[in-house]
$ cat model_12.json   # JSON, C-alpha atoms
[["chain", "number", "residue", "atom", "x", "y", "z"],
["N", 1, "MET", "CA", -6.31, -1.43, -21.24],
["N", 2, "GLU", "CA", -2.67, -0.52, -21.47],
["N", 3, "LYS", "CA", -0.76, 2.60, -20.58],
["N", 4, "ARG", "CA", 2.80, 3.74, -19.93],
["N", 5, "PHE", "CA", 3.78, 5.70, -16.85],
["N", 6, "THR", "CA", 6.89, 7.64, -15.90],
["N", 7, "LYS", "CA", 9.07, 5.66, -13.51],
["N", 8, "SER", "CA", 8.52, 8.11, -10.68],
["N", 9, "PHE", "CA", 6.56, 8.41, -7.45],
["N", 10, "ASP", "CA", 4.90, 11.44, -9.03],
["N", 11, "ALA", "CA", 3.13, 9.14, -11.48],
["N", 12, "LEU", "CA", 1.30, 7.27, -8.72],
["N", 13, "PRO", "CA", -1.90, 9.39, -8.81],
["N", 14, "GLU", "CA", -2.20, 8.72, -12.56],
["N", 15, "VAL", "CA", -1.71, 5.00, -11.94],
["N", 16, "VAL", "CA", -4.48, 5.10, -9.33],
["N", 17, "THR", "CA", -6.88, 6.81, -11.74],
["N", 18, "PHE", "CA", -6.05, 4.32, -14.49],
["N", 19, "LEU", "CA", -6.86, 1.39, -12.18],
["N", 20, "ASP", "CA", -10.00, 3.10, -10.83],
["N", 21, "ASP", "CA", -11.42, 3.43, -14.36],
["N", 22, "PHE", "CA", -10.79, -0.26, -15.00],
["N", 23, "ILE", "CA", -12.32, -1.35, -11.67],
["N", 24, "ARG", "CA", -15.40, 0.76, -12.28],
["N", 25, "SER", "CA", -15.94, -0.67, -15.74],
["N", 26, "HIS", "CA", -15.92, -4.20, -14.30],
["N", 27, "LYS", "CA", -18.03, -3.37, -11.23],
["N", 28, "ALA", "CA", -15.53, -4.94, -8.82],
["N", 29, "GLY", "CA", -16.51, -4.94, -5.13],
["N", 30, "PRO", "CA", -14.63, -3.04, -2.41],
["N", 31, "GLU", "CA", -12.42, -5.98, -1.37],
["N", 32, "VAL", "CA", -11.29, -6.63, -4.93],
["N", 33, "GLU", "CA", -10.72, -2.91, -5.42],
["N", 34, "TYR", "CA", -8.60, -2.63, -2.27],
["N", 35, "ALA", "CA", -6.49, -5.69, -3.12],
["N", 36, "LEU", "CA", -5.73, -4.48, -6.64],
["N", 37, "HIS", "CA", -4.85, -0.98, -5.45],
["N", 38, "VAL", "CA", -2.50, -2.20, -2.72],
["N", 39, "ALA", "CA", -0.70, -4.66, -4.98],
["N", 40, "LEU", "CA", -0.37, -2.24, -7.89],
["N", 41, "GLU", "CA", 0.93, 0.54, -5.62],
["N", 42, "GLU", "CA", 3.45, -1.77, -3.95],
["N", 43, "PHE", "CA", 4.85, -3.25, -7.14],
["N", 44, "PHE", "CA", 4.87, 0.06, -9.01],
["N", 45, "THR", "CA", 6.68, 1.88, -6.19],
["N", 46, "ASN", "CA", 9.11, -1.03, -5.85],
["N", 47, "MET", "CA", 10.02, -0.67, -9.51],
["N", 48, "VAL", "CA", 10.56, 3.06, -8.96],
["N", 49, "LYS", "CA", 12.67, 2.53, -5.82],
["N", 50, "TYR", "CA", 14.89, -0.27, -7.00],
["N", 51, "ASN", "CA", 15.33, 0.58, -10.68],
["N", 52, "SER", "CA", 15.41, 4.34, -10.51],
["N", 53, "ARG", "CA", 18.67, 4.64, -12.47],
["N", 54, "SER", "CA", 16.93, 3.81, -15.73],
["N", 55, "LEU", "CA", 14.48, 6.36, -17.02],
["N", 56, "ASN", "CA", 12.24, 4.12, -19.09],
["N", 57, "ASP", "CA", 8.50, 4.07, -18.50],
["N", 58, "ILE", "CA", 6.65, 1.33, -16.68],
["N", 59, "GLN", "CA", 3.95, -0.26, -18.78],
["N", 60, "ILE", "CA", 0.78, -1.35, -17.01],
["N", 61, "SER", "CA", -1.78, -3.65, -18.62],
["N", 62, "LEU", "CA", -5.20, -4.41, -17.17],
["N", 63, "TRP", "CA", -7.57, -7.02, -18.55],
["N", 64, "ARG", "CA", -10.27, -9.49, -17.67],
["N", 65, "GLU", "CA", -10.58, -13.19, -18.44],
["N", 66, "GLY", "CA", -13.87, -14.67, -17.29],
["N", 67, "GLU", "CA", -14.30, -13.64, -13.65],
["N", 68, "THR", "CA", -10.63, -12.84, -13.11],
["N", 69, "LEU", "CA", -9.02, -9.42, -13.33],
["N", 70, "PHE", "CA", -5.37, -9.33, -14.42],
["N", 71, "VAL", "CA", -2.74, -6.66, -13.75],
["N", 72, "ARG", "CA", 0.67, -6.72, -15.39],
["N", 73, "LEU", "CA", 3.58, -4.35, -14.87],
["N", 74, "VAL", "CA", 6.54, -4.35, -17.22],
["N", 75, "ASP", "CA", 9.81, -2.56, -16.46],
["N", 76, "GLU", "CA", 11.92, -2.78, -19.60],
["N", 77, "GLU", "CA", 15.22, -1.91, -17.92],
["N", 78, "ALA", "CA", 15.11, -3.71, -14.62],
["N", 79, "GLU", "CA", 17.43, -5.46, -12.24],
["N", 80, "PRO", "CA", 16.13, -8.96, -11.52],
["N", 81, "PHE", "CA", 13.94, -9.00, -8.43],
["N", 82, "ASP", "CA", 11.43, -11.76, -7.93],
["N", 83, "PRO", "CA", 8.76, -10.74, -5.39],
["N", 84, "THR", "CA", 7.40, -14.28, -5.29],
["N", 85, "GLN", "CA", 10.74, -15.37, -3.81],
["N", 86, "ALA", "CA", 11.18, -12.37, -1.52],
["N", 87, "ARG", "CA", 12.09, -13.22, 2.03],
["N", 88, "GLY", "CA", 9.05, -13.23, 4.27],
["N", 89, "VAL", "CA", 8.50, -10.59, 6.90],
["N", 90, "ASP", "CA", 8.66, -11.70, 10.51],
["N", 91, "THR", "CA", 5.46, -10.16, 11.82],
["N", 92, "SER", "CA", 6.00, -11.66, 15.26],
["N", 93, "LEU", "CA", 8.92, -9.40, 16.16],
["N", 94, "PRO", "CA", 8.51, -6.85, 18.94],
["N", 95, "ILE", "CA", 7.84, -3.30, 17.78],
["N", 96, "GLU", "CA", 11.45, -2.14, 18.20],
["N", 97, "LYS", "CA", 12.52, -4.68, 15.59],
["N", 98, "ARG", "CA", 9.62, -4.32, 13.18],
["N", 99, "LYS", "CA", 10.47, -2.77, 9.82],
["N", 100, "VAL", "CA", 8.41, -1.60, 6.90],
["N", 101, "GLY", "CA", 10.75, -3.10, 4.29],
["N", 102, "GLY", "CA", 9.11, -6.10, 2.66],
["N", 103, "LEU", "CA", 5.78, -5.41, 4.30],
["N", 104, "GLY", "CA", 4.13, -4.20, 1.09],
["N", 105, "ILE", "CA", 4.97, -7.41, -0.72],
["N", 106, "HIS", "CA", 3.80, -9.46, 2.26],
["N", 107, "ILE", "CA", 0.42, -7.66, 2.33],
["N", 108, "SER", "CA", 0.02, -7.82, -1.46],
["N", 109, "LYS", "CA", 0.66, -11.57, -1.53],
["N", 110, "GLN", "CA", -2.04, -12.08, 1.06],
["N", 111, "LEU", "CA", -4.59, -9.98, -0.79],
["N", 112, "VAL", "CA", -4.23, -11.13, -4.41],
["N", 113, "ASP", "CA", -5.20, -14.56, -5.73],
["N", 114, "SER", "CA", -2.06, -15.21, -7.78],
["N", 115, "LEU", "CA", 1.30, -13.55, -8.32],
["N", 116, "SER", "CA", 3.92, -14.41, -10.93],
["N", 117, "TYR", "CA", 7.23, -12.96, -12.05],
["N", 118, "SER", "CA", 9.43, -13.39, -15.08],
["N", 119, "TYR", "CA", 12.67, -11.79, -16.20],
["N", 120, "GLU", "CA", 13.55, -11.80, -19.89],
["N", 121, "ASP", "CA", 16.06, -9.70, -21.84],
["N", 122, "GLY", "CA", 16.39, -7.18, -19.01],
["N", 123, "LYS", "CA", 12.63, -6.87, -18.60],
["N", 124, "GLY", "CA", 11.04, -7.47, -15.22],
["N", 125, "ILE", "CA", 7.42, -8.59, -15.57],
["N", 126, "ILE", "CA", 5.03, -8.90, -12.62],
["N", 127, "THR", "CA", 1.51, -10.27, -13.10],
["N", 128, "PHE", "CA", -1.15, -10.65, -10.44],
["N", 129, "THR", "CA", -4.81, -11.55, -10.44],
["N", 130, "LYS", "CA", -7.93, -11.15, -8.37],
["N", 131, "ASN", "CA", -11.18, -13.00, -8.83],
["N", 132, "LEU", "CA", -14.26, -10.84, -9.02],
["N", 133, "GLY", "CA", -16.15, -13.20, -6.77],
["N", 134, "ALA", "CA", -13.66, -12.76, -3.93],
["F", 1, "MET", "CA", -7.41, 12.54, -2.26],
["F", 2, "PHE", "CA", -5.87, 12.49, 1.22],
["F", 3, "SER", "CA", -6.13, 14.87, 4.09],
["F", 4, "ILE", "CA", -4.71, 15.01, 7.58],
["F", 5, "SER", "CA", -5.66, 17.49, 10.25],
["F", 6, "VAL", "CA", -5.53, 17.93, 14.01],
["F", 7, "ASN", "CA", -8.72, 18.92, 15.86],
["F", 8, "ASP", "CA", -9.10, 21.02, 19.00],
["F", 9, "ASN", "CA", -8.70, 17.93, 21.20],
["F", 10, "GLY", "CA", -5.36, 17.11, 19.65],
["F", 11, "GLU", "CA", -6.84, 14.15, 17.79],
["F", 12, "ILE", "CA", -5.43, 13.47, 14.32],
["F", 13, "LEU", "CA", -8.07, 12.98, 11.62],
["F", 14, "LEU", "CA", -7.20, 11.04, 8.49],
["F", 15, "SER", "CA", -9.32, 10.89, 5.38],
["F", 16, "GLY", "CA", -9.15, 9.51, 1.86],
["F", 17, "ARG", "CA", -6.20, 7.59, 0.53],
["F", 18, "PHE", "CA", -2.98, 7.31, 2.56],
["F", 19, "ASP", "CA", -0.48, 6.00, 0.00],
["F", 20, "ALA", "CA", 3.16, 6.43, -1.00],
["F", 21, "SER", "CA", 2.49, 9.81, -2.61],
["F", 22, "GLN", "CA", 1.17, 11.16, 0.75],
["F", 23, "ALA", "CA", 3.64, 9.64, 3.20],
["F", 24, "GLY", "CA", 5.93, 12.67, 3.23],
["F", 25, "HIS", "CA", 3.10, 15.10, 3.89],
["F", 26, "ALA", "CA", 1.65, 12.91, 6.65],
["F", 27, "SER", "CA", 5.08, 12.52, 8.26],
["F", 28, "GLU", "CA", 5.29, 16.26, 8.74],
["F", 29, "VAL", "CA", 2.22, 16.10, 10.98],
["F", 30, "PHE", "CA", 3.12, 12.88, 12.81],
["F", 31, "ASP", "CA", 6.65, 14.17, 13.48],
["F", 32, "GLN", "CA", 5.11, 16.93, 15.62],
["F", 33, "VAL", "CA", 3.40, 14.43, 17.93],
["F", 34, "SER", "CA", 5.16, 14.05, 21.28],
["F", 35, "GLU", "CA", 2.60, 12.39, 23.55],
["F", 36, "THR", "CA", -0.10, 9.73, 23.44],
["F", 37, "THR", "CA", -2.45, 10.75, 20.64],
["F", 38, "ARG", "CA", -5.65, 9.41, 19.14],
["F", 39, "VAL", "CA", -5.77, 8.95, 15.38],
["F", 40, "ASN", "CA", -9.26, 8.81, 13.90],
["F", 41, "PHE", "CA", -9.55, 6.59, 10.82],
["F", 42, "ARG", "CA", -13.28, 7.15, 10.28],
["F", 43, "ASP", "CA", -12.91, 8.78, 6.88],
["F", 44, "LEU", "CA", -9.82, 6.87, 5.77],
["F", 45, "ASP", "CA", -10.63, 4.60, 2.81],
["F", 46, "TYR", "CA", -7.20, 3.20, 2.08],
["F", 47, "ILE", "CA", -3.77, 2.68, 3.56],
["F", 48, "SER", "CA", -0.75, 0.94, 2.04],
["F", 49, "SER", "CA", 2.61, -0.05, 3.50],
["F", 50, "ALA", "CA", 3.87, 3.51, 2.95],
["F", 51, "GLY", "CA", 1.19, 4.76, 5.35],
["F", 52, "LEU", "CA", 1.90, 1.96, 7.79],
["F", 53, "GLY", "CA", 5.56, 3.02, 7.72],
["F", 54, "VAL", "CA", 4.70, 6.55, 8.87],
["F", 55, "LEU", "CA", 2.61, 5.17, 11.74],
["F", 56, "LEU", "CA", 5.27, 2.62, 12.77],
["F", 57, "LYS", "CA", 8.01, 5.23, 12.81],
["F", 58, "THR", "CA", 5.88, 7.45, 15.04],
["F", 59, "GLN", "CA", 4.90, 4.59, 17.34],
["F", 60, "LYS", "CA", 8.54, 3.59, 17.85],
["F", 61, "ARG", "CA", 9.54, 7.15, 18.68],
["F", 62, "LEU", "CA", 6.64, 7.67, 21.09],
["F", 63, "GLY", "CA", 7.23, 4.30, 22.72],
["F", 64, "GLU", "CA", 10.65, 5.46, 23.90],
["F", 65, "SER", "CA", 8.89, 7.89, 26.25],
["F", 66, "GLY", "CA", 6.11, 5.51, 27.22],
["F", 67, "ASN", "CA", 3.58, 7.07, 24.85],
["F", 68, "GLY", "CA", 1.83, 5.76, 21.76],
["F", 69, "LEU", "CA", -0.84, 6.21, 19.11],
["F", 70, "ILE", "CA", -4.40, 5.03, 19.71],
["F", 71, "LEU", "CA", -6.10, 4.21, 16.41],
["F", 72, "THR", "CA", -9.87, 4.48, 16.23],
["F", 73, "ASN", "CA", -12.79, 3.86, 13.87],
["F", 74, "MET", "CA", -11.04, 1.80, 11.19],
["F", 75, "ASN", "CA", -13.16, 0.37, 8.41],
["F", 76, "LYS", "CA", -13.00, -3.37, 7.78],
["F", 77, "LEU", "CA", -10.67, -3.25, 4.78],
["F", 78, "VAL", "CA", -8.13, -1.04, 6.54],
["F", 79, "ARG", "CA", -8.43, -3.25, 9.62],
["F", 80, "ASP", "CA", -7.64, -6.29, 7.47],
["F", 81, "VAL", "CA", -4.39, -4.69, 6.31],
["F", 82, "PHE", "CA", -3.40, -4.05, 9.93],
["F", 83, "ARG", "CA", -4.22, -7.66, 10.75],
["F", 84, "ILE", "CA", -2.18, -9.06, 7.82],
["F", 85, "ALA", "CA", 0.78, -6.87, 8.82],
["F", 86, "ARG", "CA", 0.16, -7.86, 12.46],
["F", 87, "PHE", "CA", 0.14, -4.18, 13.27],
["F", 88, "ASP", "CA", -2.92, -4.89, 15.36],
["F", 89, "VAL", "CA", -0.49, -5.97, 18.10],
["F", 90, "VAL", "CA", 1.84, -3.00, 17.57],
["F", 91, "PHE", "CA", -0.86, -0.37, 18.07],
["F", 92, "GLU", "CA", -3.75, 0.09, 20.46],
["F", 93, "ILE", "CA", -6.79, -0.13, 18.21],
["F", 94, "GLU", "CA", -10.23, 0.85, 19.44],
["F", 95, "GLU", "CA", -13.05, -1.01, 17.75],
["F", 96, "GLY", "CA", -16.38, 0.35, 16.67],
["F", 97, "GLY", "CA", -17.75, 3.45, 15.10],
["F", 98, "GLY", "CA", -16.37, 2.79, 11.63]]
$ encode --input "model_12.json" --output "structure tokens"
Amino acid sequence: MEKRFTKSFDALPEVVTFLDDFIRSHKAGPEVEYALHVALEEFFTNMVKYNSRSLNDIQISLWREGETLFVRLVDEEAEPFDPTQARGVDTSLPIEKRKVGGLGIHISKQLVDSLSYSYEDGKGIITFTKNLGA
Amino acid sequence: MFSISVNDNGEILLSGRFDASQAGHASEVFDQVSETTRVNFRDLDYISSAGLGVLLKTQKRLGESGNGLILTNMNKLVRDVFRIARFDVVFEIEEGGG
């Protein structure tokens, strides 16, 4: 499945519905469902936040290979930002020093089974997977 | 679908999906809180970092006056997100019920 979405927070409900349809058709369990939703929301909203000057769509592809579900987001006019290399969040800090920045990527990395990033010709491409058996 | 309401006891009830598209709406309610308040997660299916951000901002503000949020009835998946974020040490979380 493949679809393009406006690079805007307003598109998030449509993104959620798109992923829900895919998850339902592959009968993924609640943990797989939660992981895919969190990661897709975090990476989609990151692309909106950090590349909001360009008005191109974000393309989302969803597919299955064997027992693994794949999600890919492509931003065709992106600044390079590699979430796999993002600085970790210090979750041991006292509350006054805790911040939300970076937390979404931290949670997503913990929940998905693999995460990869590439940057080619101005395109930022994020791919993550989740095994159905998880 | 997300909803947030306050019951007669002053308890905040969350339900549905608390994501980035709902953070602004939820903030309007949490910004009104000025004392220790229970937040019931019983009907909340999903929270992302955007939702955690609203709760953290509120907890920091309340902490300055010695108050805080008490989170109750989380389901396992939501609880896992709190654990990964180590927000389970930032908030008082009451087990059970969910």
$ interface_residues --input "model_12.json" --of "chain F" --to "chain N" --cutoff "7 Å" --atoms "all atoms listed in the file" --output "PDB file with C-alpha atoms, in the frame of the given file"
ATOM      1  CA  SER F  21       2.490   9.810  -2.610  1.00  0.00           C
ATOM      2  CA  SER F  48      -0.750   0.940   2.040  1.00  0.00           C
ATOM      3  CA  SER F  49       2.610  -0.050   3.500  1.00  0.00           C
ATOM      4  CA  GLY F  53       5.560   3.020   7.720  1.00  0.00           C
ATOM      5  CA  LYS F  60       8.540   3.590  17.850  1.00  0.00           C
ATOM      6  CA  LEU F  77     -10.670  -3.250   4.780  1.00  0.00           C
ATOM      7  CA  VAL F  81      -4.390  -4.690   6.310  1.00  0.00           C
ATOM      8  CA  ILE F  84      -2.180  -9.060   7.820  1.00  0.00           C
ATOM      9  CA  ALA F  85       0.780  -6.870   8.820  1.00  0.00           C
ATOM     10  CA  ARG F  86       0.160  -7.860  12.460  1.00  0.00           C
ATOM     11  CA  VAL F  90       1.840  -3.000  17.570  1.00  0.00           C
TER      12      VAL F  90
END
$ atom_distance --input "model_12.json" --atom1 "CA of Ile126 (chain N)" --atom2 "CA of Leu73 (chain N)"
5.3 Å
$ atom_distance --input "model_12.json" --atom1 "CA of Lys7 (chain N)" --atom2 "CA of Met47 (chain N)"
7.5 Å
$ closest_residue --input "model_12.json" --among "F:Glu11, F:Asp80, F:Met1, F:Phe91" --to "Asn40 (chain F)" --atoms "all atoms listed in the file"
F:Glu11
$ axis_aligned_box --input "model_12.json" --around "region 73-91 of chain F" --padding-each-side "8 Å" --output "JSON"
{"center_x": -5.7, "center_y": -2.6, "center_z": 11.4, "size_x": 31.0, "size_y": 28.9, "size_z": 29.3}
$ residues_around --input "model_12.json" --residues "Val6 (chain F)" --least-positions-apart "4" --cutoff "12 Å" --atoms "only C-alpha atoms" --output "PDB file with C-alpha atoms, keeping the file's coordinate frame"
ATOM      1  CA  GLY F  10      -5.360  17.110  19.650  1.00  0.00           C
ATOM      2  CA  GLU F  11      -6.840  14.150  17.790  1.00  0.00           C
ATOM      3  CA  ILE F  12      -5.430  13.470  14.320  1.00  0.00           C
ATOM      4  CA  LEU F  13      -8.070  12.980  11.620  1.00  0.00           C
ATOM      5  CA  LEU F  14      -7.200  11.040   8.490  1.00  0.00           C
ATOM      6  CA  SER F  15      -9.320  10.890   5.380  1.00  0.00           C
ATOM      7  CA  ALA F  26       1.650  12.910   6.650  1.00  0.00           C
ATOM      8  CA  VAL F  29       2.220  16.100  10.980  1.00  0.00           C
ATOM      9  CA  PHE F  30       3.120  12.880  12.810  1.00  0.00           C
ATOM     10  CA  GLN F  32       5.110  16.930  15.620  1.00  0.00           C
ATOM     11  CA  VAL F  33       3.400  14.430  17.930  1.00  0.00           C
ATOM     12  CA  THR F  37      -2.450  10.750  20.640  1.00  0.00           C
ATOM     13  CA  ARG F  38      -5.650   9.410  19.140  1.00  0.00           C
ATOM     14  CA  VAL F  39      -5.770   8.950  15.380  1.00  0.00           C
ATOM     15  CA  ASN F  40      -9.260   8.810  13.900  1.00  0.00           C
TER      16      ASN F  40
END
$ atom_distance --input "model_12.json" --atom1 "CA of Ala86 (chain N)" --atom2 "CA of Ala28 (chain N)"
28.7 Å
$ residues_near_point --input "model_12.json" --point "(5.5, 12.4, 6.2)" --cutoff "12 Å" --atoms "only C-alpha atoms" --output "ChimeraX atom specification"
/F:4,18-32,50-58
$ write_last_selection --input "model_12.json" --atoms "C-alpha atoms" --output "compact mmCIF listing (two decimals), in the coordinates of the input"
# COMPACT_ATOMS: atom_id res chain seq x y z
CA ILE F 4 -4.71 15.01 7.58
CA PHE F 18 -2.98 7.31 2.56
CA ASP F 19 -0.48 6.00 0.00
CA ALA F 20 3.16 6.43 -1.00
CA SER F 21 2.49 9.81 -2.61
CA GLN F 22 1.17 11.16 0.75
CA ALA F 23 3.64 9.64 3.20
CA GLY F 24 5.93 12.67 3.23
CA HIS F 25 3.10 15.10 3.89
CA ALA F 26 1.65 12.91 6.65
CA SER F 27 5.08 12.52 8.26
CA GLU F 28 5.29 16.26 8.74
CA VAL F 29 2.22 16.10 10.98
CA PHE F 30 3.12 12.88 12.81
CA ASP F 31 6.65 14.17 13.48
CA GLN F 32 5.11 16.93 15.62
CA ALA F 50 3.87 3.51 2.95
CA GLY F 51 1.19 4.76 5.35
CA LEU F 52 1.90 1.96 7.79
CA GLY F 53 5.56 3.02 7.72
CA VAL F 54 4.70 6.55 8.87
CA LEU F 55 2.61 5.17 11.74
CA LEU F 56 5.27 2.62 12.77
CA LYS F 57 8.01 5.23 12.81
CA THR F 58 5.88 7.45 15.04
$ residues_around --input "model_12.json" --residues "Glu120 (chain N)" --least-positions-apart "6" --cutoff "12 Å" --atoms "all atoms listed in the file" --output "list in words"
Val74, Asp75, Glu76, Glu77, Ala78, Glu79, Pro80, Phe81 and Ile126 of chain N
